[in-house]
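Below is target-v3.txt, which holds compact mmCIF, C-alpha atoms and all ligand atoms.
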```txt
# COMPACT_ATOMS: atom_id res chain seq x y z
CA MET A 1 267.92 245.13 -99.68
CA VAL A 2 270.59 247.43 -98.34
CA GLU A 3 274.02 245.94 -98.87
CA ARG A 4 276.78 246.71 -96.44
CA TYR A 5 280.36 246.21 -95.38
CA THR A 6 282.28 247.19 -98.52
CA HIS A 7 283.42 250.67 -99.50
CA GLU A 8 282.08 250.10 -103.01
CA SER A 9 278.59 249.14 -101.85
CA ILE A 10 278.45 252.06 -99.43
CA ARG A 11 279.58 254.48 -102.13
CA ALA A 12 277.03 253.03 -104.53
CA GLN A 13 274.28 253.46 -101.95
CA ILE A 14 275.29 257.05 -101.27
CA GLU A 15 275.14 257.82 -105.00
CA LYS A 16 271.83 256.03 -105.51
CA ARG A 17 270.33 257.92 -102.63
CA GLU A 18 271.68 261.31 -103.69
CA GLU A 19 270.17 260.75 -107.10
CA LYS A 20 266.76 259.95 -105.64
CA ARG A 21 266.53 262.44 -102.80
CA PRO A 22 269.38 264.95 -102.86
CA GLY A 23 270.19 266.58 -99.54
CA GLU A 24 267.24 265.19 -97.63
CA ARG A 25 267.52 265.88 -93.88
CA PHE A 26 266.22 263.50 -91.24
CA LEU A 27 265.05 264.23 -87.72
CA VAL A 28 265.25 260.95 -85.76
CA ILE A 29 263.23 260.57 -82.55
CA ILE A 30 264.13 257.56 -80.40
CA ASN A 31 261.90 256.44 -77.55
CA PRO A 32 264.30 254.42 -75.37
CA VAL A 33 261.57 252.70 -73.35
CA SER A 34 259.76 251.18 -76.36
CA ARG A 35 259.84 247.41 -76.85
CA GLY A 36 260.69 246.87 -73.20
CA GLY A 37 263.80 249.07 -73.50
CA LYS A 38 265.17 247.52 -76.69
CA ALA A 39 264.28 250.50 -78.88
CA LEU A 40 267.42 252.40 -77.91
CA LYS A 41 269.57 249.67 -79.44
CA GLU A 42 267.49 249.79 -82.65
CA GLY A 43 267.89 253.57 -82.70
CA MET A 44 271.67 253.37 -82.26
CA TRP A 45 271.90 250.89 -85.12
CA LEU A 46 269.90 253.22 -87.36
CA LEU A 47 272.08 256.23 -86.48
CA LYS A 48 275.23 254.27 -87.27
CA GLU A 49 273.81 253.36 -90.70
CA LEU A 50 272.82 256.97 -91.43
CA ARG A 51 276.32 258.11 -90.45
CA ASN A 52 277.95 255.49 -92.71
CA LEU A 53 275.77 256.61 -95.61
CA LYS A 54 276.61 260.26 -94.89
CA ILE A 55 272.95 261.15 -94.57
CA ASP A 56 272.27 264.48 -92.93
CA HIS A 57 270.41 263.88 -89.67
CA GLU A 58 269.90 264.95 -86.07
CA ALA A 59 268.71 262.59 -83.33
CA PHE A 60 266.88 263.05 -80.05
CA VAL A 61 266.26 260.48 -77.34
CA THR A 62 262.99 261.20 -75.53
CA GLN A 63 262.91 261.52 -71.75
CA ASN A 64 259.25 261.31 -70.84
CA PRO A 65 255.77 260.88 -72.35
CA GLY A 66 254.87 263.85 -74.56
CA HIS A 67 258.54 264.78 -75.12
CA ALA A 68 258.56 263.49 -78.73
CA THR A 69 255.64 265.76 -79.63
CA LYS A 70 257.40 268.80 -78.16
CA ILE A 71 260.71 268.12 -79.94
CA VAL A 72 259.07 267.53 -83.32
CA GLU A 73 256.75 270.53 -82.99
CA ARG A 74 259.79 272.74 -82.34
CA TRP A 75 262.11 271.35 -85.03
CA VAL A 76 260.00 269.81 -87.80
CA ASN A 77 260.43 272.72 -90.17
CA SER A 78 264.22 272.40 -90.19
CA PHE A 79 264.02 268.88 -91.67
CA ASP A 80 262.49 267.03 -94.61
CA CYS A 81 261.63 263.74 -92.95
CA VAL A 82 260.83 262.83 -89.34
CA VAL A 83 261.55 259.27 -88.20
CA ALA A 84 259.89 257.70 -85.15
CA VAL A 85 261.98 254.91 -83.58
CA GLY A 86 259.59 253.21 -81.18
CA GLY A 87 256.12 251.72 -81.11
CA ASP A 88 252.67 253.02 -81.95
CA GLY A 89 252.71 255.44 -79.01
CA THR A 90 255.86 257.05 -80.41
CA VAL A 91 254.34 257.13 -83.91
CA ASN A 92 251.35 258.93 -82.41
CA GLU A 93 253.48 261.49 -80.54
CA VAL A 94 255.68 262.26 -83.54
CA VAL A 95 252.72 262.65 -85.89
CA ASN A 96 251.04 265.02 -83.42
CA GLY A 97 254.29 267.01 -83.32
CA ILE A 98 254.38 267.26 -87.12
CA LYS A 99 250.78 268.52 -87.20
CA TYR A 100 251.14 270.99 -84.30
CA GLY A 101 254.42 272.31 -85.70
CA GLY A 102 252.81 273.09 -89.07
CA GLY A 103 255.02 270.56 -90.83
CA GLU A 104 252.83 270.35 -93.93
CA GLY A 105 254.62 268.53 -96.69
CA LYS A 106 257.15 266.95 -94.31
CA THR A 107 257.45 263.19 -94.60
CA PHE A 108 256.79 260.87 -91.68
CA CYS A 109 258.57 257.54 -91.46
CA ALA A 110 258.54 254.88 -88.77
CA PHE A 111 261.39 252.59 -87.78
CA PRO A 112 259.66 249.75 -85.92
CA ALA A 113 260.90 249.27 -82.36
CA GLY A 114 257.70 248.71 -80.41
CA THR A 115 255.69 245.76 -79.19
CA ALA A 116 252.75 245.65 -81.58
CA ASP A 117 253.99 248.05 -84.32
CA ASP A 118 250.48 248.25 -85.78
CA TYR A 119 251.28 251.32 -87.86
CA CYS A 120 254.26 249.61 -89.51
CA HIS A 121 252.30 246.44 -90.21
CA ASN A 122 249.50 248.41 -91.79
CA VAL A 123 251.75 250.41 -94.11
CA GLY A 124 254.03 247.49 -94.99
CA ILE A 125 257.21 248.59 -93.20
CA PRO A 126 259.06 245.36 -92.32
CA ARG A 127 259.98 244.71 -88.71
CA ASN A 128 263.55 243.72 -89.56
CA ARG A 129 266.16 246.48 -89.37
CA LYS A 130 267.53 246.29 -92.88
CA GLY A 131 264.09 246.13 -94.48
CA ALA A 132 262.93 249.13 -92.46
CA LEU A 133 266.08 251.09 -93.36
CA ASN A 134 265.46 250.28 -97.01
CA VAL A 135 262.00 251.85 -96.78
CA LEU A 136 263.45 254.88 -95.01
CA LEU A 137 266.03 255.44 -97.77
CA TYR A 138 264.23 254.35 -100.92
CA GLY A 139 260.54 254.00 -100.07
CA ARG A 140 257.88 256.04 -101.76
CA ASP A 141 255.83 258.86 -100.28
CA ARG A 142 252.04 258.62 -100.05
CA LYS A 143 249.36 260.47 -98.12
CA ILE A 144 247.10 259.01 -95.45
CA ASP A 145 244.14 260.27 -93.41
CA LEU A 146 244.35 261.01 -89.70
CA LEU A 147 241.65 260.66 -87.05
CA ARG A 148 241.04 263.79 -85.02
CA TYR A 149 239.65 263.79 -81.47
CA ASP A 150 239.81 266.36 -78.65
CA GLY A 151 242.13 268.52 -80.76
CA LYS A 152 244.63 265.66 -81.07
CA PHE A 153 245.38 263.10 -83.77
CA ALA A 154 245.21 259.32 -83.87
CA VAL A 155 247.09 257.50 -86.60
CA VAL A 156 245.83 253.90 -86.51
CA GLN A 157 242.89 253.63 -84.12
CA LEU A 158 241.07 254.71 -80.98
CA GLY A 159 239.21 252.21 -78.79
CA VAL A 160 236.80 252.25 -75.88
CA GLY A 161 236.26 249.24 -73.62
CA VAL A 162 238.00 246.03 -72.80
CA ASP A 163 240.94 246.58 -75.18
CA ALA A 164 241.80 249.82 -73.37
CA GLU A 165 241.40 248.06 -70.03
CA ILE A 166 243.84 245.35 -71.11
CA ALA A 167 246.31 247.98 -72.32
CA TYR A 168 245.97 249.84 -69.02
CA ARG A 169 246.59 246.75 -66.92
CA THR A 170 249.65 245.66 -68.91
CA LEU A 171 251.36 249.07 -68.60
CA SER A 172 253.36 247.90 -65.60
CA ARG A 173 254.66 244.85 -67.47
CA LYS A 174 256.54 246.55 -70.27
CA LYS A 175 259.04 243.74 -70.74
CA ILE A 176 256.48 241.04 -71.49
CA ARG A 177 253.92 243.08 -73.34
CA ILE A 178 252.52 240.59 -75.88
CA PRO A 179 252.27 237.62 -73.46
CA ALA A 180 250.96 240.04 -70.86
CA TYR A 181 248.21 241.20 -73.21
CA PHE A 182 247.08 237.63 -73.64
CA ALA A 183 247.38 236.83 -69.93
CA VAL A 184 245.36 239.87 -68.89
CA GLY A 185 242.90 239.30 -71.73
CA LEU A 186 242.32 235.68 -70.71
CA ARG A 187 241.96 236.72 -67.12
CA ILE A 188 239.38 239.40 -67.90
CA VAL A 189 237.51 237.06 -70.21
CA PHE A 190 237.48 233.89 -68.13
CA ILE A 191 238.17 234.66 -64.49
CA GLU A 192 236.59 238.04 -63.97
CA ARG A 193 233.15 238.54 -65.31
CA LEU A 194 233.45 239.76 -68.87
CA LYS A 195 230.09 241.49 -68.67
CA ARG A 196 231.47 243.80 -66.01
CA SER A 197 233.97 245.11 -68.55
CA ALA A 198 231.23 246.17 -70.96
CA LYS A 199 230.65 249.93 -71.06
CA ARG A 200 227.39 251.76 -71.59
CA LEU A 201 227.82 254.00 -74.61
CA ARG A 202 225.83 255.99 -77.11
CA ILE A 203 227.58 256.16 -80.45
CA GLU A 204 226.26 258.63 -83.02
CA GLY A 205 227.51 258.20 -86.56
CA ASP A 206 226.59 259.42 -90.04
CA ASN A 207 224.38 256.36 -90.54
CA GLY A 208 222.53 256.34 -87.23
CA VAL A 209 222.88 255.63 -83.53
CA HIS A 210 224.23 252.59 -81.66
CA GLU A 211 223.21 252.56 -78.04
CA GLY A 212 223.73 250.02 -75.27
CA SER A 213 226.53 248.09 -73.58
CA PHE A 214 229.69 247.44 -75.55
CA LEU A 215 232.56 245.16 -74.72
CA VAL A 216 234.65 247.11 -77.15
CA ALA A 217 234.14 249.82 -79.75
CA VAL A 218 237.09 250.68 -81.98
CA PHE A 219 237.28 253.55 -84.48
CA GLY A 220 240.06 253.16 -86.95
CA ASN A 221 241.81 253.96 -90.12
CA ALA A 222 243.50 250.60 -90.83
CA PRO A 223 242.42 246.96 -90.60
CA LEU A 224 245.19 245.45 -88.52
CA TYR A 225 245.10 246.00 -84.81
CA ALA A 226 246.95 244.57 -81.79
CA ARG A 227 249.48 243.02 -84.18
CA TYR A 228 247.42 240.00 -85.25
CA VAL A 229 243.78 241.03 -85.30
CA TYR A 230 242.01 242.18 -88.50
CA TRP A 231 239.38 244.00 -86.54
CA MET A 232 238.26 246.42 -89.26
CA PRO A 233 238.76 244.45 -92.48
CA GLU A 234 237.27 247.16 -94.72
CA ALA A 235 239.33 250.05 -93.35
CA ARG A 236 241.66 251.87 -95.72
CA MET A 237 244.10 254.56 -94.74
CA ASP A 238 243.35 257.08 -97.47
CA ASP A 239 239.62 256.74 -98.19
CA GLY A 240 238.42 259.70 -96.10
CA ILE A 241 236.37 257.31 -93.97
CA ILE A 242 236.52 256.22 -90.33
CA ASN A 243 235.60 252.57 -89.78
CA MET A 244 234.00 251.31 -86.60
CA SER A 245 233.83 247.77 -85.24
CA ALA A 246 231.98 247.15 -81.98
CA VAL A 247 230.82 244.15 -79.98
CA GLY A 248 228.10 243.97 -77.37
CA PRO A 249 228.34 241.92 -74.16
CA MET A 250 229.24 238.27 -74.81
CA SER A 251 229.90 235.14 -72.80
CA PRO A 252 233.59 234.35 -72.31
CA LEU A 253 234.08 231.41 -74.65
CA PRO A 254 232.38 232.87 -77.76
CA ALA A 255 234.18 236.18 -77.12
CA TRP A 256 237.55 234.43 -77.06
CA PHE A 257 236.80 232.46 -80.23
CA LEU A 258 235.58 235.59 -82.00
CA PHE A 259 238.84 237.31 -81.10
CA LEU A 260 240.93 234.41 -82.42
CA LYS A 261 238.91 234.19 -85.64
CA CYS A 262 239.82 237.80 -86.41
CA PHE A 263 243.41 236.63 -86.98
CA ASN A 264 242.05 235.69 -90.40
CA ARG A 265 242.14 238.66 -92.77
CA ASP A 266 238.87 237.75 -94.49
CA PHE A 267 236.84 237.03 -91.38
CA ARG A 268 233.53 238.84 -90.85
CA SER A 269 231.00 238.14 -88.12
CA GLU A 270 227.37 238.94 -87.45
CA ARG A 271 228.33 239.46 -83.82
CA ILE A 272 230.41 242.49 -84.79
CA ILE A 273 228.66 245.78 -85.54
CA TYR A 274 230.40 247.39 -88.50
CA ASP A 275 229.83 251.02 -89.35
CA SER A 276 231.69 253.78 -91.13
CA GLY A 277 231.45 257.51 -91.69
CA ARG A 278 233.24 260.84 -91.60
CA LYS A 279 232.52 261.50 -87.94
CA PHE A 280 231.40 259.75 -84.77
CA LYS A 281 230.37 261.06 -81.39
CA VAL A 282 230.72 258.76 -78.39
CA TYR A 283 228.85 259.52 -75.16
CA LEU A 284 230.33 257.72 -72.17
CA LYS A 285 227.62 256.74 -69.73
CA GLU A 286 230.14 255.42 -67.23
CA GLU A 287 233.83 255.85 -66.45
CA SER A 288 235.88 254.26 -69.24
CA PHE A 289 239.42 253.72 -70.41
CA ILE A 290 240.15 254.96 -73.92
CA GLN A 291 243.20 253.81 -75.82
CA VAL A 292 244.61 255.88 -78.66
CA ASP A 293 247.28 254.08 -80.74
CA GLY A 294 247.90 251.90 -77.68
CA GLU A 295 248.26 254.69 -75.10
CA VAL A 296 245.58 254.70 -72.40
CA TYR A 297 243.57 257.61 -71.01
CA LYS A 298 240.84 257.59 -68.40
CA TYR A 299 237.58 259.40 -69.13
CA ARG A 300 234.82 260.24 -66.68
CA SER A 301 231.20 259.28 -66.93
CA GLY A 302 229.26 261.89 -68.92
CA GLU A 303 232.20 262.90 -71.11
CA THR A 304 231.93 262.77 -74.89
CA ILE A 305 234.54 262.10 -77.55
CA SER A 306 234.08 263.56 -81.01
CA ILE A 307 236.04 261.75 -83.69
CA SER A 308 236.41 263.14 -87.18
CA ILE A 309 238.60 262.44 -90.17
CA GLU A 310 241.19 264.72 -91.69
CA PRO A 311 241.63 263.41 -95.24
CA LEU A 312 245.15 262.98 -96.63
CA ALA A 313 246.55 264.93 -93.69
CA LEU A 314 249.96 263.25 -93.48
CA LYS A 315 252.68 262.40 -95.96
CA VAL A 316 254.19 259.02 -95.08
CA ARG A 317 257.03 256.96 -96.49
CA VAL A 318 256.10 253.36 -97.28
CA ALA A 319 257.75 250.46 -99.06
CA SER A 320 258.15 250.75 -102.81
CA GLU A 321 258.75 247.08 -103.60
CA PRO A 322 255.56 245.46 -104.91
CA TRP A 323 255.72 242.61 -102.40
CA LEU A 324 255.88 245.06 -99.51
CA GLU A 325 253.44 247.52 -101.04
CA ALA A 326 251.27 249.06 -98.34
CA PRO A 327 248.16 246.96 -98.80
CA PHE A 328 245.72 249.37 -97.21
CA ILE A 329 246.64 252.52 -99.10
CA SER A 330 245.33 252.80 -102.65
CA PRO A 331 248.02 252.62 -105.36
MG MG B 401 239.85 255.11 -93.64
```
Just give me the structure of the file as structure tokens.
Ligand SMILES: [Mg+2]
Amino acid sequence: MVERYTHESIRAQIEKREEKRPGERFLVIINPVSRGGKALKEGMWLLKELRNLKIDHEAFVTQNPGHATKIVERWVNSFDCVVAVGGDGTVNEVVNGIKYGGGEGKTFCAFPAGTADDYCHNVGIPRNRKGALNVLLYGRDRKIDLLRYDGKFAVVQLGVGVDAEIAYRTLSRKKIRIPAYFAVGLRIVFIERLKRSAKRLRIEGDNGVHEGSFLVAVFGNAPLYARYVYWMPEARMDDGIINMSAVGPMSPLPAWFLFLKCFNRDFRSERIIYDSGRKFKVYLKEESFIQVDGEVYKYRSGETISISIEPLALKVRVASEPWLEAPFISP
């Protein structure tokens, strides 16, 4: 772990770091509204640490949705490593900025300050400040795949159906996001008719077609989703494959139990349709919410979404300690 508070330990850290990555420059993007407004404090802590360690960096605080992408696109090539301080939405925006700005070979790193922090969980970046800083300074660089859709990139997953509806309806309750997810989820499942939330879709993949009503269909690159749910247990982040997990209409109680059982990493169910491939095409037969790394978009009936994979498209910094080793990226 990073030691602090003495001149000797700070000097030792500076030397260790200079030996490992001499002159590395960081671009730090802070989304102040992440984690119900607490992300700014996390960002300020990080900047203070970087200053103490005399690490070359510039920081931006974003002002509105899409701002992070614009900043990174403009500046990525003046830095070696771009750090997203925020949640999965911020991770998504920063990664899109790196790709649009032609930042090939630049390293992406996340400093977790969101609600779910699915990206960080999947790559083994700890949620505590010091652990995350340790990864930022001394972690190792690997490459992961990105999902591509509508000319944009998704880092962890893209979902159609009730998960996107829950995300949409909790947007106004930023400060109580995780309890709000459960409250809205329970409400949709038990009070409103769950079947009404199912969407009519036609999903074309490399292995065939799935057609009918779906409560949820998620396309992803990593197993862990919504912080606790191993929804795509086979997914790996660097295998060149998109995994899909979908569920048809279900009665409320079995649906809720199925959801809870997915907290177990080894759980598989016959009720879940698993598929995988290099591309998927989703035809929306009715108006649907789509969530991409937790951010929600509304699509009209008749629209299609083409999802493809861009293998090893992003260099990322992950933990180097064996016990934090990113479990879903091959060694
Ligand atoms: Mg994959």
Taking all atoms listed in the file into account, which residues have an atom no farther than 6 Å from ligand MG 401 (chain B)? I'd like them as a PyMOL selection string. chain A and resi 221+235-242
Between CA of Lys143 (chain A) and CA of Glu295 (chain A), what is the distance in Å, rounded to a tenth?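 It comes out at 23.8 Å.
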Which polymer residues, protein or nucleic acid, are no farther than 10 Å from (258.3, 270.3, -91.6), counting all atoms listed in the file, as a count of residues only? 23
Within 7 Å of region 40-52 of chain A, counting only C-alpha atoms, which residues show up once you throw out same-chain ones fewer than 2 positions away? Write them as a ChimeraX atom specification, please. /A:30-32,37-38,54-55,85,113
With all atoms listed in the file as the basis for distance, which of A:Glu310, A:Asp118, A:Glu303, A:Asp163 is at the shortest distance from Val282 (chain A)? A:Glu303
CA of Gly36 (chain A) and CA of Arg127 (chain A), how far apart in Å?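 Going from CA of Arg127 (chain A) over to CA of Gly36 (chain A), I get 15.7 Å.
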Between CA of Gly161 (chain A) and CA of Met232 (chain A), distance in Å (one decimal): 16.0 Å
